[in-house]
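Enquirer: Questions regarding the structure given below will be posed in turn.
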Amino acid sequence: QRQLVESGGGLVQPGGSLRLSCTASGFTATAYAIGWFRQAPGKQREGISCISRRERDTFYADSVRGRFTVSRDVARNAVYLQMNNLQSEDTAVYYCATPCTGPYDLWGRGTQVTVSS
């Protein structure tokens, strides 16, 4: 069974950092582009980052560029999202999915990130 499972969310103070993981099972993650998305309460889902197959290209939304970094861990069949200098507006449920643009083949269930003092 093909799955994506997010982890690493939590409560962090403004200016803090978190690293989210998106672990794939049932398929080889490096063969697919993987995207990170987030949805804040009352807002539309936002695509924030994408890493292409075999890590050749990365994409960041303006809202996170310079603060977030996407990368792969081939040994763990995972994709990471390192998030630095987090702000209250980053509070959302974070999801990973493949591919990076629709139609989407597979979604994870999400992990909550809350930025608050």
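Letters A, B, ... mark the chains of the structure tokens in the order given; residue numbers begin at 1 per chain; ligand numbers begin at 1, in order shown.
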Would you mind listing what lies within 12 Å of A:Ile34 as a VMD selection string, with only C-alpha atoms counted and same-chain residues fewer than 3 positions away left out?

Expert: chain A and resid 4 21 to 24 28 to 31 37 47 to 55 57 to 59 70 to 72 77 to 81 95 to 102 104 to 108

Enquirer: Please provide the set of residues having any atom within 10 Å of A:Gly66, restricted to only C-alpha atoms, with same-chain residues fewer than 4 positions apart removed, written as a PyMOL selection string.

Expert: chain A and resi 60-62+83-85

Enquirer: Suppose we keep N, CA and C atoms; can you now write the selection as a PDB file, in the first residue's frame?

Expert:
```pdb
ATOM      1  N   TYR A  60       9.966  27.089  -4.240  1.00  0.00           N
ATOM      2  CA  TYR A  60       9.447  27.659  -3.002  1.00  0.00           C
ATOM      3  C   TYR A  60       8.473  28.775  -3.320  1.00  0.00           C
ATOM      4  N   ALA A  61       7.398  28.818  -2.575  1.00  0.00           N
ATOM      5  CA  ALA A  61       6.493  29.955  -2.664  1.00  0.00           C
ATOM      6  C   ALA A  61       7.166  31.187  -2.057  1.00  0.00           C
ATOM      7  N   ASP A  62       6.744  32.343  -2.512  1.00  0.00           N
ATOM      8  CA  ASP A  62       7.333  33.586  -2.002  1.00  0.00           C
ATOM      9  C   ASP A  62       7.206  33.685  -0.480  1.00  0.00           C
ATOM     10  N   MET A  83      12.176  24.251   8.391  1.00  0.00           N
ATOM     11  CA  MET A  83      11.489  25.530   8.507  1.00  0.00           C
ATOM     12  C   MET A  83      12.168  26.365   9.581  1.00  0.00           C
ATOM     13  N   ASN A  84      12.726  27.490   9.170  1.00  0.00           N
ATOM     14  CA  ASN A  84      13.417  28.384  10.091  1.00  0.00           C
ATOM     15  C   ASN A  84      12.693  29.715  10.189  1.00  0.00           C
ATOM     16  N   ASN A  85      12.978  30.439  11.250  1.00  0.00           N
ATOM     17  CA  ASN A  85      12.383  31.749  11.473  1.00  0.00           C
ATOM     18  C   ASN A  85      10.860  31.696  11.320  1.00  0.00           C
TER      19      ASN A  85
END
```

Enquirer: With only C-alpha atoms as the basis for distance, which of A:Ser117, A:Arg109, A:Tyr94, A:Ala75 is at the shortest distance from A:Trp36?

Expert: A:Tyr94

Enquirer: In stretch 31-73 of chain A, what's helix (DSSP H, G or I) per DSSP? Answer as a list of chain:residue names?

Expert: A:Ala31, A:Arg53, A:Arg54, A:Glu55

Enquirer: Have a look at atom CA of A:Gln112 and atom CA of A:Arg65 and let me know their distance in Å, one decimal.

Expert: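 Distance reported for this atom pair: 20.2 Å.
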